[in-house]
Structure formats: C-alpha cells, structure tokens
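What's in input19.pdb: PDB, N, CA and C atoms
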ATOM      1  N   MET A  26       0.852  -1.177   0.000
ATOM      2  CA  MET A  26       0.000   0.000   0.000
ATOM      3  C   MET A  26       0.896   1.237   0.000
ATOM      4  N   PRO A  27       0.595   2.239  -0.845
ATOM      5  CA  PRO A  27       1.402   3.460  -0.861
ATOM      6  C   PRO A  27       1.397   4.137   0.507
ATOM      7  N   ARG A  28       2.470   4.823   0.813
ATOM      8  CA  ARG A  28       2.551   5.528   2.093
ATOM      9  C   ARG A  28       1.499   6.633   2.162
ATOM     10  N   ASN A  29       0.988   6.856   3.341
ATOM     11  CA  ASN A  29      -0.005   7.910   3.594
ATOM     12  C   ASN A  29      -1.299   7.733   2.793
ATOM     13  N   PHE A  30      -1.615   6.520   2.441
ATOM     14  CA  PHE A  30      -2.864   6.240   1.748
ATOM     15  C   PHE A  30      -3.567   5.124   2.502
ATOM     16  N   GLU A  31      -4.874   5.070   2.406
ATOM     17  CA  GLU A  31      -5.637   4.010   3.044
ATOM     18  C   GLU A  31      -6.806   3.630   2.152
ATOM     19  N   HIS A  32      -7.378   2.448   2.426
ATOM     20  CA  HIS A  32      -8.559   2.012   1.676
ATOM     21  C   HIS A  32      -9.738   2.908   2.017
ATOM     22  N   THR A  33     -10.606   3.134   1.044
ATOM     23  CA  THR A  33     -11.860   3.842   1.307
ATOM     24  C   THR A  33     -12.769   2.883   2.076
ATOM     25  N   PRO A  34     -13.261   3.294   3.244
ATOM     26  CA  PRO A  34     -14.152   2.398   3.998
ATOM     27  C   PRO A  34     -15.376   2.017   3.160
ATOM     28  N   VAL A  35     -15.832   0.789   3.312
ATOM     29  CA  VAL A  35     -16.960   0.279   2.527
ATOM     30  C   VAL A  35     -18.173   1.185   2.645
ATOM     31  N   LYS A  36     -18.472   1.689   3.845
ATOM     32  CA  LYS A  36     -19.669   2.509   4.039
ATOM     33  C   LYS A  36     -19.586   3.844   3.304
ATOM     34  N   GLU A  37     -18.373   4.259   2.898
ATOM     35  CA  GLU A  37     -18.211   5.532   2.188
ATOM     36  C   GLU A  37     -18.088   5.355   0.674
ATOM     37  N   ARG A  38     -18.054   4.123   0.208
ATOM     38  CA  ARG A  38     -17.934   3.886  -1.227
ATOM     39  C   ARG A  38     -19.244   4.204  -1.916
ATOM     40  N   LYS A  39     -19.130   4.781  -3.095
ATOM     41  CA  LYS A  39     -20.327   5.143  -3.848
ATOM     42  C   LYS A  39     -20.792   4.001  -4.733
ATOM     43  N   GLY A  40     -19.903   3.083  -5.061
ATOM     44  CA  GLY A  40     -20.267   1.956  -5.905
ATOM     45  C   GLY A  40     -20.607   2.409  -7.317
ATOM     46  N   ILE A  41     -21.198   1.520  -8.048
ATOM     47  CA  ILE A  41     -21.559   1.774  -9.440
ATOM     48  C   ILE A  41     -23.065   1.670  -9.562
ATOM     49  N   LYS A  42     -23.686   2.677 -10.149
ATOM     50  CA  LYS A  42     -25.149   2.656 -10.309
ATOM     51  C   LYS A  42     -25.504   1.646 -11.396
ATOM     52  N   ILE A  43     -26.301   0.673 -11.043
ATOM     53  CA  ILE A  43     -26.736  -0.366 -11.974
ATOM     54  C   ILE A  43     -28.139  -0.013 -12.452
ATOM     55  N   THR A  44     -28.266   0.156 -13.753
ATOM     56  CA  THR A  44     -29.562   0.526 -14.328
ATOM     57  C   THR A  44     -30.314  -0.718 -14.797
ATOM     58  N   ASP A  45     -31.587  -0.555 -15.047
ATOM     59  CA  ASP A  45     -32.386  -1.658 -15.587
ATOM     60  C   ASP A  45     -31.848  -2.078 -16.949
ATOM     61  N   GLU A  46     -31.346  -1.103 -17.722
ATOM     62  CA  GLU A  46     -30.775  -1.420 -19.041
ATOM     63  C   GLU A  46     -29.559  -2.341 -18.902
ATOM     64  N   MET A  47     -28.737  -2.104 -17.885
ATOM     65  CA  MET A  47     -27.565  -2.953 -17.661
ATOM     66  C   MET A  47     -27.994  -4.377 -17.294
ATOM     67  N   ARG A  48     -28.990  -4.455 -16.411
ATOM     68  CA  ARG A  48     -29.487  -5.781 -16.021
ATOM     69  C   ARG A  48     -30.059  -6.529 -17.234
ATOM     70  N   GLU A  49     -30.782  -5.793 -18.062
ATOM     71  CA  GLU A  49     -31.373  -6.393 -19.267
ATOM     72  C   GLU A  49     -30.288  -6.846 -20.241
ATOM     73  N   ALA A  50     -29.260  -6.022 -20.422
ATOM     74  CA  ALA A  50     -28.158  -6.381 -21.325
ATOM     75  C   ALA A  50     -27.439  -7.632 -20.820
ATOM     76  N   TYR A  51     -27.247  -7.731 -19.509
ATOM     77  CA  TYR A  51     -26.602  -8.921 -18.947
ATOM     78  C   TYR A  51     -27.467 -10.159 -19.182
ATOM     79  N   LYS A  52     -28.777 -10.007 -18.973
ATOM     80  CA  LYS A  52     -29.689 -11.127 -19.183
ATOM     81  C   LYS A  52     -29.689 -11.595 -20.641
ATOM     82  N   ASN A  53     -29.565 -10.650 -21.574
ATOM     83  CA  ASN A  53     -29.648 -10.963 -23.007
ATOM     84  C   ASN A  53     -28.284 -11.232 -23.648
ATOM     85  N   ARG A  54     -27.221 -11.333 -22.850
ATOM     86  CA  ARG A  54     -25.882 -11.546 -23.409
ATOM     87  C   ARG A  54     -25.771 -12.943 -24.015
ATOM     88  N   ASP A  55     -24.747 -13.133 -24.831
ATOM     89  CA  ASP A  55     -24.463 -14.440 -25.428
ATOM     90  C   ASP A  55     -23.874 -15.327 -24.331
ATOM     91  N   THR A  56     -24.594 -16.350 -23.921
ATOM     92  CA  THR A  56     -24.147 -17.223 -22.832
ATOM     93  C   THR A  56     -23.491 -18.500 -23.344
ATOM     94  N   SER A  57     -23.258 -18.584 -24.643
ATOM     95  CA  SER A  57     -22.739 -19.835 -25.211
ATOM     96  C   SER A  57     -21.351 -20.210 -24.684
ATOM     97  N   ARG A  58     -20.584 -19.246 -24.200
ATOM     98  CA  ARG A  58     -19.226 -19.560 -23.725
ATOM     99  C   ARG A  58     -19.116 -19.538 -22.196
ATOM    100  N   ASP A  59     -20.222 -19.413 -21.497
ATOM    101  CA  ASP A  59     -20.184 -19.315 -20.032
ATOM    102  C   ASP A  59     -19.489 -20.502 -19.361
ATOM    103  N   ASN A  60     -19.548 -21.694 -19.952
ATOM    104  CA  ASN A  60     -18.929 -22.880 -19.344
ATOM    105  C   ASN A  60     -17.521 -23.149 -19.868
ATOM    106  N   ASP A  61     -17.037 -22.314 -20.749
ATOM    107  CA  ASP A  61     -15.685 -22.463 -21.292
ATOM    108  C   ASP A  61     -14.689 -21.990 -20.226
ATOM    109  N   PRO A  62     -13.774 -22.872 -19.754
ATOM    110  CA  PRO A  62     -12.844 -22.470 -18.685
ATOM    111  C   PRO A  62     -11.859 -21.381 -19.107
ATOM    112  N   ASP A  63     -11.673 -21.185 -20.401
ATOM    113  CA  ASP A  63     -10.750 -20.151 -20.875
ATOM    114  C   ASP A  63     -11.438 -18.808 -21.092
ATOM    115  N   TYR A  64     -12.726 -18.779 -20.878
ATOM    116  CA  TYR A  64     -13.506 -17.557 -21.082
ATOM    117  C   TYR A  64     -13.899 -16.987 -19.723
ATOM    118  N   HIS A  65     -13.683 -15.727 -19.552
ATOM    119  CA  HIS A  65     -14.053 -15.079 -18.289
ATOM    120  C   HIS A  65     -15.463 -14.517 -18.403
ATOM    121  N   LYS A  66     -16.383 -15.204 -17.798
ATOM    122  CA  LYS A  66     -17.793 -14.801 -17.821
ATOM    123  C   LYS A  66     -17.943 -13.466 -17.094
ATOM    124  N   PRO A  67     -18.718 -12.540 -17.668
ATOM    125  CA  PRO A  67     -18.914 -11.251 -16.984
ATOM    126  C   PRO A  67     -19.667 -11.425 -15.672
ATOM    127  N   LEU A  68     -19.318 -10.586 -14.711
ATOM    128  CA  LEU A  68     -20.003 -10.628 -13.417
ATOM    129  C   LEU A  68     -21.421 -10.091 -13.553
ATOM    130  N   PRO A  69     -22.344 -10.640 -12.789
ATOM    131  CA  PRO A  69     -23.716 -10.118 -12.805
ATOM    132  C   PRO A  69     -23.732  -8.673 -12.300
ATOM    133  N   PRO A  70     -24.647  -7.866 -12.799
ATOM    134  CA  PRO A  70     -24.715  -6.448 -12.410
ATOM    135  C   PRO A  70     -24.778  -6.207 -10.911
ATOM    136  N   ASP A  71     -25.488  -7.058 -10.165
ATOM    137  CA  ASP A  71     -25.604  -6.816  -8.727
ATOM    138  C   ASP A  71     -24.267  -6.951  -8.008
ATOM    139  N   GLN A  72     -23.334  -7.717  -8.568
ATOM    140  CA  GLN A  72     -21.999  -7.800  -7.964
ATOM    141  C   GLN A  72     -21.203  -6.518  -8.224
ATOM    142  N   TRP A  73     -21.532  -5.805  -9.291
ATOM    143  CA  TRP A  73     -20.862  -4.535  -9.595
ATOM    144  C   TRP A  73     -21.398  -3.391  -8.745
ATOM    145  N   ALA A  74     -22.603  -3.552  -8.215
ATOM    146  CA  ALA A  74     -23.243  -2.457  -7.482
ATOM    147  C   ALA A  74     -22.405  -1.976  -6.295
ATOM    148  N   ASN A  75     -21.692  -2.873  -5.641
ATOM    149  CA  ASN A  75     -20.873  -2.493  -4.496
ATOM    150  C   ASN A  75     -19.390  -2.441  -4.835
ATOM    151  N   ALA A  76     -19.083  -2.462  -6.108
ATOM    152  CA  ALA A  76     -17.684  -2.422  -6.524
ATOM    153  C   ALA A  76     -17.056  -1.092  -6.132
ATOM    154  N   MET A  77     -15.762  -1.123  -5.961
ATOM    155  CA  MET A  77     -15.028   0.087  -5.612
ATOM    156  C   MET A  77     -14.560   0.741  -6.907
ATOM    157  N   ARG A  78     -14.887   2.009  -7.071
ATOM    158  CA  ARG A  78     -14.430   2.738  -8.247
ATOM    159  C   ARG A  78     -12.939   3.018  -8.099
ATOM    160  N   HIS A  79     -12.259   3.199  -9.228
ATOM    161  CA  HIS A  79     -10.807   3.391  -9.222
ATOM    162  C   HIS A  79     -10.372   4.481  -8.245
ATOM    163  N   GLU A  80     -11.033   5.615  -8.274
ATOM    164  CA  GLU A  80     -10.620   6.727  -7.421
ATOM    165  C   GLU A  80     -10.908   6.464  -5.945
ATOM    166  N   GLU A  81     -11.668   5.408  -5.642
ATOM    167  CA  GLU A  81     -11.967   5.086  -4.252
ATOM    168  C   GLU A  81     -11.014   4.051  -3.676
ATOM    169  N   TYR A  82     -10.185   3.429  -4.511
ATOM    170  CA  TYR A  82      -9.359   2.330  -4.017
ATOM    171  C   TYR A  82      -8.364   2.807  -2.967
ATOM    172  N   TRP A  83      -7.610   3.820  -3.293
ATOM    173  CA  TRP A  83      -6.696   4.419  -2.322
ATOM    174  C   TRP A  83      -7.095   5.864  -2.160
ATOM    175  N   ARG A  84      -7.120   6.307  -0.970
ATOM    176  CA  ARG A  84      -7.382   7.719  -0.763
ATOM    177  C   ARG A  84      -6.316   8.252   0.185
ATOM    178  N   PRO A  85      -5.857   9.446  -0.041
ATOM    179  CA  PRO A  85      -4.832  10.015   0.820
ATOM    180  C   PRO A  85      -5.361  10.254   2.228
ATOM    181  N   VAL A  86      -4.488  10.095   3.193
ATOM    182  CA  VAL A  86      -4.835  10.423   4.567
ATOM    183  C   VAL A  86      -4.850  11.941   4.673
ATOM    184  N   LYS A  87      -5.907  12.488   5.231
ATOM    185  CA  LYS A  87      -6.035  13.946   5.367
ATOM    186  C   LYS A  87      -5.370  14.404   6.662
ATOM    187  N   LYS A  88      -4.691  15.531   6.598
ATOM    188  CA  LYS A  88      -4.075  16.161   7.762
ATOM    189  C   LYS A  88      -4.635  17.558   7.881
ATOM    190  N   GLN A  89      -5.095  17.908   9.065
ATOM    191  CA  GLN A  89      -5.635  19.246   9.270
ATOM    192  C   GLN A  89      -4.480  20.234   9.407
ATOM    193  N   THR A  90      -4.627  21.384   8.770
ATOM    194  CA  THR A  90      -3.602  22.414   8.816
ATOM    195  C   THR A  90      -4.273  23.779   8.684
ATOM    196  N   THR A  91      -3.494  24.806   8.882
ATOM    197  CA  THR A  91      -3.978  26.167   8.683
ATOM    198  C   THR A  91      -3.096  26.823   7.637
ATOM    199  N   VAL A  92      -3.701  27.465   6.662
ATOM    200  CA  VAL A  92      -2.955  28.156   5.610
ATOM    201  C   VAL A  92      -3.520  29.552   5.428
ATOM    202  N   ARG A  93      -2.658  30.437   5.033
ATOM    203  CA  ARG A  93      -3.113  31.792   4.709
ATOM    204  C   ARG A  93      -3.111  31.911   3.190
ATOM    205  N   ILE A  94      -4.254  32.309   2.647
ATOM    206  CA  ILE A  94      -4.418  32.421   1.195
ATOM    207  C   ILE A  94      -4.839  33.855   0.897
ATOM    208  N   ASP A  95      -4.293  34.405  -0.169
ATOM    209  CA  ASP A  95      -4.686  35.759  -0.567
ATOM    210  C   ASP A  95      -6.200  35.820  -0.734
ATOM    211  N   ALA A  96      -6.794  36.931  -0.291
ATOM    212  CA  ALA A  96      -8.243  37.093  -0.286
ATOM    213  C   ALA A  96      -8.854  36.928  -1.675
ATOM    214  N   ASP A  97      -8.180  37.461  -2.709
ATOM    215  CA  ASP A  97      -8.751  37.351  -4.057
ATOM    216  C   ASP A  97      -8.749  35.905  -4.550
ATOM    217  N   ILE A  98      -7.742  35.130  -4.168
ATOM    218  CA  ILE A  98      -7.694  33.719  -4.573
ATOM    219  C   ILE A  98      -8.795  32.941  -3.863
ATOM    220  N   LEU A  99      -8.965  33.197  -2.577
ATOM    221  CA  LEU A  99     -10.015  32.519  -1.825
ATOM    222  C   LEU A  99     -11.394  32.872  -2.384
ATOM    223  N   GLU A 100     -11.588  34.130  -2.723
ATOM    224  CA  GLU A 100     -12.867  34.557  -3.312
ATOM    225  C   GLU A 100     -13.107  33.839  -4.636
ATOM    226  N   TRP A 101     -12.072  33.738  -5.454
ATOM    227  CA  TRP A 101     -12.173  33.033  -6.735
ATOM    228  C   TRP A 101     -12.541  31.570  -6.519
ATOM    229  N   LEU A 102     -11.875  30.898  -5.573
ATOM    230  CA  LEU A 102     -12.159  29.491  -5.294
ATOM    231  C   LEU A 102     -13.589  29.305  -4.785
ATOM    232  N   LYS A 103     -14.008  30.142  -3.855
ATOM    233  CA  LYS A 103     -15.359  30.036  -3.306
ATOM    234  C   LYS A 103     -16.412  30.413  -4.347
ATOM    235  N   GLY A 104     -16.054  31.282  -5.291
ATOM    236  CA  GLY A 104     -16.981  31.704  -6.334
ATOM    237  C   GLY A 104     -17.366  30.590  -7.286
ATOM    238  N   LYS A 105     -16.633  29.497  -7.255
ATOM    239  CA  LYS A 105     -16.936  28.356  -8.121
ATOM    240  C   LYS A 105     -17.920  27.393  -7.469
ATOM    241  N   GLY A 106     -18.435  27.760  -6.272
ATOM    242  CA  GLY A 106     -19.416  26.915  -5.598
ATOM    243  C   GLY A 106     -18.803  26.128  -4.459
ATOM    244  N   LYS A 107     -19.607  25.218  -3.934
ATOM    245  CA  LYS A 107     -19.155  24.418  -2.795
ATOM    246  C   LYS A 107     -17.912  23.620  -3.158
ATOM    247  N   GLY A 108     -17.091  23.361  -2.156
ATOM    248  CA  GLY A 108     -15.928  22.502  -2.370
ATOM    249  C   GLY A 108     -14.630  23.243  -2.598
ATOM    250  N   HIS A 109     -14.511  24.456  -2.073
ATOM    251  CA  HIS A 109     -13.287  25.226  -2.338
ATOM    252  C   HIS A 109     -12.062  24.561  -1.716
ATOM    253  N   LEU A 110     -12.197  23.877  -0.590
ATOM    254  CA  LEU A 110     -11.050  23.187   0.008
ATOM    255  C   LEU A 110     -10.618  22.004  -0.855
ATOM    256  N   THR A 111     -11.580  21.299  -1.425
ATOM    257  CA  THR A 111     -11.259  20.199  -2.332
ATOM    258  C   THR A 111     -10.558  20.733  -3.573
ATOM    259  N   ARG A 112     -11.017  21.884  -4.078
ATOM    260  CA  ARG A 112     -10.366  22.495  -5.240
ATOM    261  C   ARG A 112      -8.925  22.861  -4.931
ATOM    262  N   ILE A 113      -8.674  23.423  -3.736
ATOM    263  CA  ILE A 113      -7.307  23.762  -3.343
ATOM    264  C   ILE A 113      -6.459  22.501  -3.354
ATOM    265  N   ASN A 114      -6.975  21.425  -2.769
ATOM    266  CA  ASN A 114      -6.240  20.162  -2.721
ATOM    267  C   ASN A 114      -5.971  19.639  -4.131
ATOM    268  N   ASP A 115      -6.971  19.708  -5.012
ATOM    269  CA  ASP A 115      -6.802  19.233  -6.396
ATOM    270  C   ASP A 115      -5.735  20.039  -7.128
ATOM    271  N   ILE A 116      -5.747  21.359  -6.948
ATOM    272  CA  ILE A 116      -4.750  22.216  -7.595
ATOM    273  C   ILE A 116      -3.348  21.839  -7.111
ATOM    274  N   LEU A 117      -3.206  21.665  -5.808
ATOM    275  CA  LEU A 117      -1.902  21.296  -5.249
ATOM    276  C   LEU A 117      -1.471  19.907  -5.703
ATOM    277  N   ARG A 118      -2.414  18.958  -5.746
ATOM    278  CA  ARG A 118      -2.061  17.601  -6.193
ATOM    279  C   ARG A 118      -1.624  17.604  -7.654
ATOM    280  N   ASN A 119      -2.337  18.347  -8.509
ATOM    281  CA  ASN A 119      -1.938  18.433  -9.919
ATOM    282  C   ASN A 119      -0.544  19.026 -10.048
ATOM    283  N   SER A 120      -0.259  20.068  -9.290
ATOM    284  CA  SER A 120       1.052  20.696  -9.312
ATOM    285  C   SER A 120       2.121  19.712  -8.844
ATOM    286  N   MET A 121       1.861  19.003  -7.753
ATOM    287  CA  MET A 121       2.798  18.020  -7.225
ATOM    288  C   MET A 121       3.061  16.910  -8.245
ATOM    289  N   THR A 122       1.989  16.407  -8.871
ATOM    290  CA  THR A 122       2.122  15.325  -9.847
ATOM    291  C   THR A 122       2.967  15.761 -11.032
ATOM    292  N   GLU A 123       2.706  16.964 -11.536
ATOM    293  CA  GLU A 123       3.497  17.482 -12.659
ATOM    294  C   GLU A 123       4.965  17.628 -12.277
ATOM    295  N   GLU A 124       5.225  18.144 -11.089
ATOM    296  CA  GLU A 124       6.610  18.314 -10.638
ATOM    297  C   GLU A 124       7.301  16.963 -10.495
ATOM    298  N   MET A 125       6.584  15.976  -9.976
ATOM    299  CA  MET A 125       7.160  14.642  -9.822
ATOM    300  C   MET A 125       7.471  14.014 -11.164
ATOM    301  N   LYS A 126       6.617  14.237 -12.167
ATOM    302  CA  LYS A 126       6.875  13.732 -13.525
ATOM    303  C   LYS A 126       8.135  14.373 -14.084
ATOM    304  N   THR A 127       8.275  15.685 -13.870
ATOM    305  CA  THR A 127       9.434  16.417 -14.394
ATOM    306  C   THR A 127      10.726  15.905 -13.773
ATOM    307  N   HIS A 128      10.726  15.688 -12.477
ATOM    308  CA  HIS A 128      11.934  15.236 -11.774
ATOM    309  C   HIS A 128      12.237  13.763 -12.020
ATOM    310  N   ALA A 129      11.243  12.992 -12.441
ATOM    311  CA  ALA A 129      11.445  11.565 -12.684
ATOM    312  C   ALA A 129      12.179  11.313 -13.998
ATOM    313  N   LYS A 130      12.220  12.310 -14.873
ATOM    314  CA  LYS A 130      12.840  12.115 -16.197
ATOM    315  C   LYS A 130      14.329  12.175 -16.126
TER     316      LYS A 130
END
Show this structure as structure tokens.
Amino acid sequence: MPRNFEHTPVKERKGIKITDEMREAYKNRDTSRDNDPDYHKPLPPDQWANAMRHEEYWRPVKKQTTVRIDADILEWLKGKGKGHLTRINDILRNSMTEEMKTHAK
C-alpha cells in the first residue's frame, strides 16, 4: 500500500449505479461460452453495485492544517461553488504530480 494512503471504507464507497438497461443487457448476453474455462464470464450487475471505483481504491490520509491564502484567490475558489477546500487540494495535487513527472525524467 502506498505511504499515507488508506482504503476507502466500505460505508463511504459510492459503488456503481446499476440501471435496468444494464441488467437487461446482462440477461440478453451471449451465454454460449459461459462454461468455457478459458472464457471469463462477466459478473452479474448486482456484484458490480458495491464495486469500488478506481478513485476510491486508495485515498490520501487527510491532515488538518492552517494556511493563509490571498483574499482574491479565496474569493475566486469560493466563487466556483461548494468545495473550495477540495479544489485547493486538487490544484496542489496536480502541481505536485506534474513536478514529480518532471523530476522523474
């Protein structure tokens, strides 16, 4: 497991929304190869309902901190609606990721 990351608790996972169309498509699929040991039969839709989405597999551990941000930047972030702290984190993560790519070369 990567450092400073943890699994998303099951109760917080959003899972995958299974529609009636998906259930119908699964029911109407070609089942002729279901017993072939070399063929991987698709999972039934209800098993996907509680699946963990990629972005939920590892989540960073959050640390509380205090930061001072210029008033105009904070106003701009808040002006985009709810979630300004998440936006700050996303901006910093994108910057960190780009810097890590640059230094890895």
**OP:** Within 12 Å of A:Leu99, counting only C-alpha atoms, which residues show up once you throw out same-chain ones fewer than 3 positions away? Write them as a PyMOL selection string, please.
**Re:** chain A and resi 92-96+102-106+108-110+112-113
Subject >> Residues matched by the PyMOL selection byres (((chain A and resi 68 and name CA) around 12) and name CA), written as a VMD selection string >> reply: chain A and resid 47 to 48 51 to 52 54 59 65 to 67 69 to 74 76
Can I get the selected residues back with N, CA and C atoms, as an mmCIF file, keeping the file's coordinate frame?
data_model
loop_
_atom_site.group_PDB
_atom_site.id
_atom_site.type_symbol
_atom_site.label_atom_id
_atom_site.label_comp_id
_atom_site.auth_asym_id
_atom_site.auth_seq_id
_atom_site.Cartn_x
_atom_site.Cartn_y
_atom_site.Cartn_z
ATOM 1 N N MET A 47 -28.737 -2.104 -17.885
ATOM 2 C CA MET A 47 -27.565 -2.953 -17.661
ATOM 3 C C MET A 47 -27.994 -4.377 -17.294
ATOM 4 N N ARG A 48 -28.990 -4.455 -16.411
ATOM 5 C CA ARG A 48 -29.487 -5.781 -16.021
ATOM 6 C C ARG A 48 -30.059 -6.529 -17.234
ATOM 7 N N TYR A 51 -27.247 -7.731 -19.509
ATOM 8 C CA TYR A 51 -26.602 -8.921 -18.947
ATOM 9 C C TYR A 51 -27.467 -10.159 -19.182
ATOM 10 N N LYS A 52 -28.777 -10.007 -18.973
ATOM 11 C CA LYS A 52 -29.689 -11.127 -19.183
ATOM 12 C C LYS A 52 -29.689 -11.595 -20.641
ATOM 13 N N ARG A 54 -27.221 -11.333 -22.850
ATOM 14 C CA ARG A 54 -25.882 -11.546 -23.409
ATOM 15 C C ARG A 54 -25.771 -12.943 -24.015
ATOM 16 N N ASP A 59 -20.222 -19.413 -21.497
ATOM 17 C CA ASP A 59 -20.184 -19.315 -20.032
ATOM 18 C C ASP A 59 -19.489 -20.502 -19.361
ATOM 19 N N HIS A 65 -13.683 -15.727 -19.552
ATOM 20 C CA HIS A 65 -14.053 -15.079 -18.289
ATOM 21 C C HIS A 65 -15.463 -14.517 -18.403
ATOM 22 N N LYS A 66 -16.383 -15.204 -17.798
ATOM 23 C CA LYS A 66 -17.793 -14.801 -17.821
ATOM 24 C C LYS A 66 -17.943 -13.466 -17.094
ATOM 25 N N PRO A 67 -18.718 -12.540 -17.668
ATOM 26 C CA PRO A 67 -18.914 -11.251 -16.984
ATOM 27 C C PRO A 67 -19.667 -11.425 -15.672
ATOM 28 N N PRO A 69 -22.344 -10.640 -12.789
ATOM 29 C CA PRO A 69 -23.716 -10.118 -12.805
ATOM 30 C C PRO A 69 -23.732 -8.673 -12.300
ATOM 31 N N PRO A 70 -24.647 -7.866 -12.799
ATOM 32 C CA PRO A 70 -24.715 -6.448 -12.410
ATOM 33 C C PRO A 70 -24.778 -6.207 -10.911
ATOM 34 N N ASP A 71 -25.488 -7.058 -10.165
ATOM 35 C CA ASP A 71 -25.604 -6.816 -8.727
ATOM 36 C C ASP A 71 -24.267 -6.951 -8.008
ATOM 37 N N GLN A 72 -23.334 -7.717 -8.568
ATOM 38 C CA GLN A 72 -21.999 -7.800 -7.964
ATOM 39 C C GLN A 72 -21.203 -6.518 -8.224
ATOM 40 N N TRP A 73 -21.532 -5.805 -9.291
ATOM 41 C CA TRP A 73 -20.862 -4.535 -9.595
ATOM 42 C C TRP A 73 -21.398 -3.391 -8.745
ATOM 43 N N ALA A 74 -22.603 -3.552 -8.215
ATOM 44 C CA ALA A 74 -23.243 -2.457 -7.482
ATOM 45 C C ALA A 74 -22.405 -1.976 -6.295
ATOM 46 N N ALA A 76 -19.083 -2.462 -6.108
ATOM 47 C CA ALA A 76 -17.684 -2.422 -6.524
ATOM 48 C C ALA A 76 -17.056 -1.092 -6.132
#
**OP:** Figure out the distance between atom CA of A:Ile98 and atom C of A:Leu117, please, to one decimal in Å.
**Re:**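 Straight-line distance from atom C of A:Leu117 to atom CA of A:Ile98 works out to 15.2 Å.
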Please, what is the axis-aligned box for every listed atom of stretch 106-123 of chain A with 3 Å on each side, as centre and edge lengths in Å to one decimal, as lines of an AutoDock Vina configuration file?
center_x = -7.3
center_y = 21.5
center_z = -6.3
size_x = 30.6
size_y = 18.4
size_z = 18.7
Original post:
Suppose you want the space between atom CA of A:Arg118 and atom N of A:Trp101; what is it in Å?
Top reply: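 Atom N of A:Trp101 lies at a distance of 19.0 Å from atom CA of A:Arg118.
One distance worth recording is that between atom C of A:Glu100 and atom N of A:Val86, which is 26.4 Å.
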